[in-house]
file coords-v4.cif (mmCIF, C-alpha atoms)
data_work
loop_
_atom_site.label_atom_id
_atom_site.label_comp_id
_atom_site.auth_asym_id
_atom_site.auth_seq_id
_atom_site.Cartn_x
_atom_site.Cartn_y
_atom_site.Cartn_z
CA ILE A 1 168.61 106.87 33.62
CA ASP A 2 170.23 103.46 33.29
CA GLU A 3 167.56 101.88 35.51
CA ALA A 4 164.54 103.51 33.83
CA ALA A 5 162.11 100.92 32.50
CA THR A 6 159.59 103.30 30.88
CA PRO A 7 159.55 106.65 29.09
CA GLY A 8 157.92 108.11 32.21
CA GLN A 9 160.83 107.00 34.38
CA LEU A 10 163.24 108.46 31.83
CA ALA A 11 161.28 111.72 31.94
CA ALA A 12 161.56 111.84 35.73
CA ALA A 13 165.33 111.40 35.51
CA TRP A 14 165.67 114.02 32.73
CA ALA A 15 163.55 116.47 34.75
CA MET A 16 166.24 116.51 37.46
CA LEU A 17 168.87 117.89 35.07
CA PRO A 18 167.98 121.62 35.40
CA ALA A 19 168.52 121.41 39.18
CA VAL A 20 171.86 119.71 38.62
CA ALA A 21 172.89 122.43 36.16
CA GLU A 22 171.76 125.14 38.58
CA ALA A 23 173.82 123.57 41.38
CA LEU A 24 176.87 123.44 39.11
CA ILE A 25 176.39 127.10 38.20
CA GLY A 26 176.16 127.87 41.92
CA GLU A 27 179.50 126.14 42.40
CA GLU A 28 180.93 128.36 39.61
CA ILE A 29 181.72 125.40 37.38
CA ASP A 30 182.82 126.45 33.88
CA ALA A 31 179.92 126.62 31.42
CA ARG A 32 181.69 124.24 29.01
CA GLN A 33 181.89 121.62 31.75
CA ILE A 34 178.20 122.06 32.53
CA ALA A 35 177.39 121.61 28.82
CA GLY A 36 179.52 118.46 28.96
CA VAL A 37 177.43 117.12 31.85
CA VAL A 38 174.19 117.91 30.00
CA SER A 39 175.58 116.23 26.87
CA GLU A 40 176.60 113.11 28.77
CA GLU A 41 173.07 112.83 30.19
CA LEU A 42 171.59 113.33 26.70
CA ARG A 43 173.80 110.50 25.45
CA ALA A 44 172.75 108.33 28.41
CA MET A 45 169.08 109.04 27.61
CA THR A 46 169.61 108.09 23.97
CA ARG A 47 171.43 104.89 24.97
CA ARG A 48 168.62 103.91 27.34
CA ALA A 49 165.94 104.76 24.76
CA ALA A 50 167.73 102.50 22.27
CA HIS A 51 167.82 99.64 24.79
CA LEU A 52 164.15 100.11 25.69
CA ALA A 53 163.18 100.28 22.00
CA GLU A 54 165.12 97.11 21.21
CA ALA A 55 163.54 95.28 24.16
CA ALA A 56 160.06 96.39 23.05
CA MET A 57 160.74 95.12 19.53
CA SER A 58 161.90 91.78 20.89
CA GLY A 59 158.79 91.59 23.08
CA ALA A 60 156.62 92.34 20.04
CA GLY A 61 158.12 89.39 18.18
CA ARG A 62 160.41 91.42 15.93
CA GLY A 63 163.46 89.52 17.16
CA ALA A 64 166.96 90.72 17.86
CA ALA A 65 168.91 93.10 15.65
CA PRO A 66 169.54 91.43 12.27
CA CYS A 67 173.20 92.52 12.23
CA ALA A 68 175.75 94.56 14.16
CA TYR A 69 174.83 98.22 14.59
CA ALA A 70 175.63 101.38 16.52
CA VAL A 71 173.39 104.21 17.69
CA LEU A 72 175.07 107.60 17.36
CA VAL A 73 174.44 110.95 19.00
CA LEU A 74 175.34 113.77 16.61
CA GLY A 75 175.85 117.52 16.67
CA SER A 76 176.09 119.39 19.96
CA GLY A 77 175.42 116.21 21.96
CA GLY A 78 178.40 114.54 20.32
CA ARG A 79 180.58 117.64 20.79
CA SER A 80 179.59 117.89 24.48
CA GLU A 81 178.02 121.30 23.90
CA SER A 82 174.36 120.52 24.61
CA LEU A 83 172.23 122.95 26.55
CA LEU A 84 169.15 122.18 28.59
CA ALA A 85 166.82 122.74 25.63
CA ALA A 86 168.45 119.98 23.56
CA ASP A 87 166.48 118.10 20.95
CA GLN A 88 167.22 114.77 19.31
CA ASP A 89 170.14 114.46 16.88
CA ASN A 90 170.86 110.78 16.32
CA ALA A 91 171.66 108.20 13.67
CA ILE A 92 172.13 104.47 13.23
CA VAL A 93 174.83 102.68 11.27
CA PHE A 94 174.53 98.94 10.68
CA SER A 95 176.94 96.47 9.16
CA HIS A 96 174.99 95.51 6.03
CA GLY A 97 171.70 95.94 4.21
CA ASP A 98 170.45 98.15 1.40
CA PRO A 99 167.80 100.87 1.81
CA GLY A 100 164.43 99.12 2.06
CA SER A 101 166.02 95.77 2.94
CA PRO A 102 164.83 93.70 5.92
CA GLU A 103 167.81 95.04 7.91
CA ASP A 104 166.93 98.65 7.07
CA LEU A 105 163.27 98.11 7.94
CA TRP A 106 164.22 96.64 11.34
CA PHE A 107 166.42 99.65 12.11
CA ALA A 108 163.72 102.03 10.83
CA GLU A 109 161.41 100.61 13.48
CA LEU A 110 164.13 100.87 16.11
CA GLY A 111 164.65 104.52 15.14
CA ASP A 112 160.88 105.21 15.29
CA ARG A 113 160.56 103.65 18.72
CA MET A 114 163.69 105.36 20.02
CA ALA A 115 162.49 108.78 18.83
CA ALA A 116 159.07 108.27 20.43
CA ILE A 117 160.61 107.22 23.76
CA LEU A 118 162.94 110.23 23.82
CA ASP A 119 160.08 112.57 22.89
CA GLN A 120 157.89 111.16 25.66
CA ALA A 121 160.82 111.54 28.07
CA GLY A 122 161.14 115.26 27.35
CA ILE A 123 163.72 115.38 24.54
CA PRO A 124 161.74 116.68 21.58
CA LEU A 125 161.92 115.46 18.02
CA CYS A 126 164.49 117.29 15.90
CA LYS A 127 162.72 119.91 13.76
CA GLY A 128 165.38 119.37 11.08
CA GLY A 129 164.65 115.63 11.02
CA VAL A 130 168.12 114.53 12.19
CA MET A 131 166.92 111.26 13.71
CA ALA A 132 167.49 107.60 12.92
CA LYS A 133 163.77 107.23 12.25
CA ASN A 134 164.38 109.10 8.98
CA PRO A 135 166.07 107.23 6.10
CA GLN A 136 168.80 109.82 5.57
CA TRP A 137 170.05 109.32 9.16
CA ARG A 138 170.34 105.55 9.15
CA GLY A 139 172.01 103.10 6.86
CA SER A 140 174.58 100.40 6.37
CA VAL A 141 178.30 101.15 6.40
CA ASP A 142 178.22 101.17 2.57
CA THR A 143 175.23 103.53 2.51
CA TRP A 144 176.92 105.91 4.97
CA GLN A 145 180.19 105.86 3.02
CA GLY A 146 178.33 106.81 -0.16
CA ARG A 147 176.47 109.56 1.68
CA ILE A 148 179.69 110.98 3.11
CA ASP A 149 181.35 110.98 -0.32
CA GLU A 150 178.33 112.86 -1.74
CA TRP A 151 178.44 115.47 1.04
CA LEU A 152 182.14 116.04 0.51
CA SER A 153 181.91 116.29 -3.27
CA ARG A 154 179.59 119.31 -3.13
CA SER A 155 179.34 122.53 -1.17
CA ARG A 156 175.59 122.94 -0.95
CA PRO A 157 174.34 124.42 2.33
CA GLN A 158 172.55 121.17 3.26
CA ASP A 159 175.72 119.13 2.66
CA LEU A 160 177.73 121.48 4.86
CA LEU A 161 175.08 121.26 7.58
CA ASN A 162 175.09 117.45 7.36
CA VAL A 163 178.88 117.37 7.68
CA ASP A 164 178.72 119.76 10.63
CA ILE A 165 176.20 117.55 12.42
CA PHE A 166 177.62 114.14 11.46
CA TYR A 167 181.33 114.61 12.10
CA ASP A 168 180.77 115.12 15.83
CA LEU A 169 179.25 111.66 16.19
CA ARG A 170 179.52 109.73 19.44
CA PRO A 171 178.48 106.06 19.65
CA VAL A 172 176.14 105.42 22.58
CA ALA A 173 174.73 101.93 22.01
CA GLY A 174 175.60 98.84 20.05
CA GLU A 175 178.99 98.15 18.46
CA ALA A 176 181.12 101.23 19.11
CA ASP A 177 183.86 99.90 16.81
CA LEU A 178 181.47 100.06 13.85
CA ALA A 179 180.96 103.77 14.56
CA ARG A 180 184.68 104.39 15.07
CA ARG A 181 185.51 102.82 11.70
CA LEU A 182 182.87 104.96 9.97
CA HIS A 183 184.21 108.05 11.74
CA ALA A 184 187.76 107.23 10.62
CA PHE A 185 186.53 106.79 7.03
CA ALA A 186 184.74 110.15 7.16
CA PHE A 187 187.82 111.98 8.41
CA GLU A 188 190.10 110.25 5.89
CA ARG A 189 187.80 111.29 3.04
CA ALA A 190 187.44 114.84 4.35
CA HIS A 191 191.20 115.27 4.65
CA GLY A 192 191.60 115.41 0.88
CA ALA A 193 188.31 117.17 0.06
CA SER A 194 188.88 120.89 -0.54
CA ALA A 195 185.11 121.56 -0.68
#
call {"tool": "encode", "arguments": {"input": "coords-v4.cif", "output": "structure tokens"}}
result
Amino acid sequence: IDEAATPGQLAAAWAMLPAVAEALIGEEIDARQIAGVVSEELRAMTRRAAHLAEAAMSGAGRGAAPCAYAVLVLGSGGRSESLLAADQDNAIVFSHGDPGSPEDLWFAELGDRMAAILDQAGIPLCKGGVMAKNPQWRGSVDTWQGRIDEWLSRSRPQDLLNVDIFYDLRPVAGEADLARRLHAFAFERAHGASA
């Protein structure tokens, strides 16, 4: 995965995973450990897709990232509970920039390219739209903090689903410390939120 230079090469690597899982089952490895292996490969695929997308943007004259950022894998992939039929659940947090700002637009393109690469490699688009290509799954630290506060102030089904998906985040590319600080903020806010 780490050496793949194209979506096709990523697809070839991803296609080997069912045989790996079958071999682990044959060795009577615990199902949770197998899900952990699948999840780690899903995270590796997302990391590589992010690197390939960023390189393509640079090659297209879009330049380097305008500020520090982290790509996150969410949900079952973050919890290490992915199965072989995993889809994309990812997000991007960046250090600064409002929705619609030049920073946000750069990361929107990164999210679009990343989603397309993963889809071409055999990891389908999330039917629920939980992908950094969508505005509600990318944003600056300030944007994410506001979003988290909104989720925690209500108990609507969508808010609960968002919390369930988001709180299992795992940084896979970029500045991991940015993601860790956001994660710490989210847990601190949730600690006092009865909803």
call {"tool": "resolve_selection", "arguments": {"input": "coords-v4.cif", "expression": "the PyMOL selection byres ((chain A and resi 46-57) around 10)", "output": "number ranges by chain"}}
result
A: 1-7, 10, 40-45, 58-65, 70-73, 88-90, 106-107, 109-119, 121, 123, 171-174
call {"tool": "axis_aligned_box", "arguments": {"input": "coords-v4.cif", "around": "region 31-45 of chain A", "padding_each_side": "8 Å", "output": "AutoDock Vina command-line options"}}
result
--center_x 175.5 --center_y 117.5 --center_z 29.0 --size_x 28.8 --size_y 34.3 --size_z 23.1
call {"tool": "resolve_selection", "arguments": {"input": "coords-v4.cif", "expression": "the PyMOL selection byres ((chain A and resi 140-151) around 6)", "output": "list in words"}}
result
Val93, Phe94, Ser95, His96, Gly97, Gly139, Leu152, Ser153, Arg154 and Asp159 of chain A
call {"tool": "write_last_selection", "arguments": {"input": "coords-v4.cif", "atoms": "C-alpha atoms", "output": "mmCIF file, in the coordinates of the input"}}
result
data_model
loop_
_atom_site.group_PDB
_atom_site.id
_atom_site.type_symbol
_atom_site.label_atom_id
_atom_site.label_comp_id
_atom_site.auth_asym_id
_atom_site.auth_seq_id
_atom_site.Cartn_x
_atom_site.Cartn_y
_atom_site.Cartn_z
ATOM 1 C CA VAL A 93 174.830 102.680 11.270
ATOM 2 C CA PHE A 94 174.530 98.940 10.680
ATOM 3 C CA SER A 95 176.940 96.470 9.160
ATOM 4 C CA HIS A 96 174.990 95.510 6.030
ATOM 5 C CA GLY A 97 171.700 95.940 4.210
ATOM 6 C CA GLY A 139 172.010 103.100 6.860
ATOM 7 C CA LEU A 152 182.140 116.040 0.510
ATOM 8 C CA SER A 153 181.910 116.290 -3.270
ATOM 9 C CA ARG A 154 179.590 119.310 -3.130
ATOM 10 C CA ASP A 159 175.720 119.130 2.660
#
call {"tool": "atom_distance", "arguments": {"input": "coords-v4.cif", "atom1": "CA of His183 (chain A)", "atom2": "CA of Ser155 (chain A)"}}
result
20.0 Å
call {"tool": "closest_residue", "arguments": {"input": "coords-v4.cif", "among": "A:Val130, A:Leu182, A:Cys67, A:Ala31", "to": "Ser82 (chain A)", "atoms": "only C-alpha atoms"}}
result
A:Ala31
call {"tool": "atom_distance", "arguments": {"input": "coords-v4.cif", "atom1": "CA of Val163 (chain A)", "atom2": "CA of Ala190 (chain A)"}}
result
9.5 Å
call {"tool": "closest_residue", "arguments": {"input": "coords-v4.cif", "among": "A:Arg189, A:Arg170, A:Arg180, A:Arg138", "to": "Leu105 (chain A)", "atoms": "all atoms listed in the file"}}
result
A:Arg138
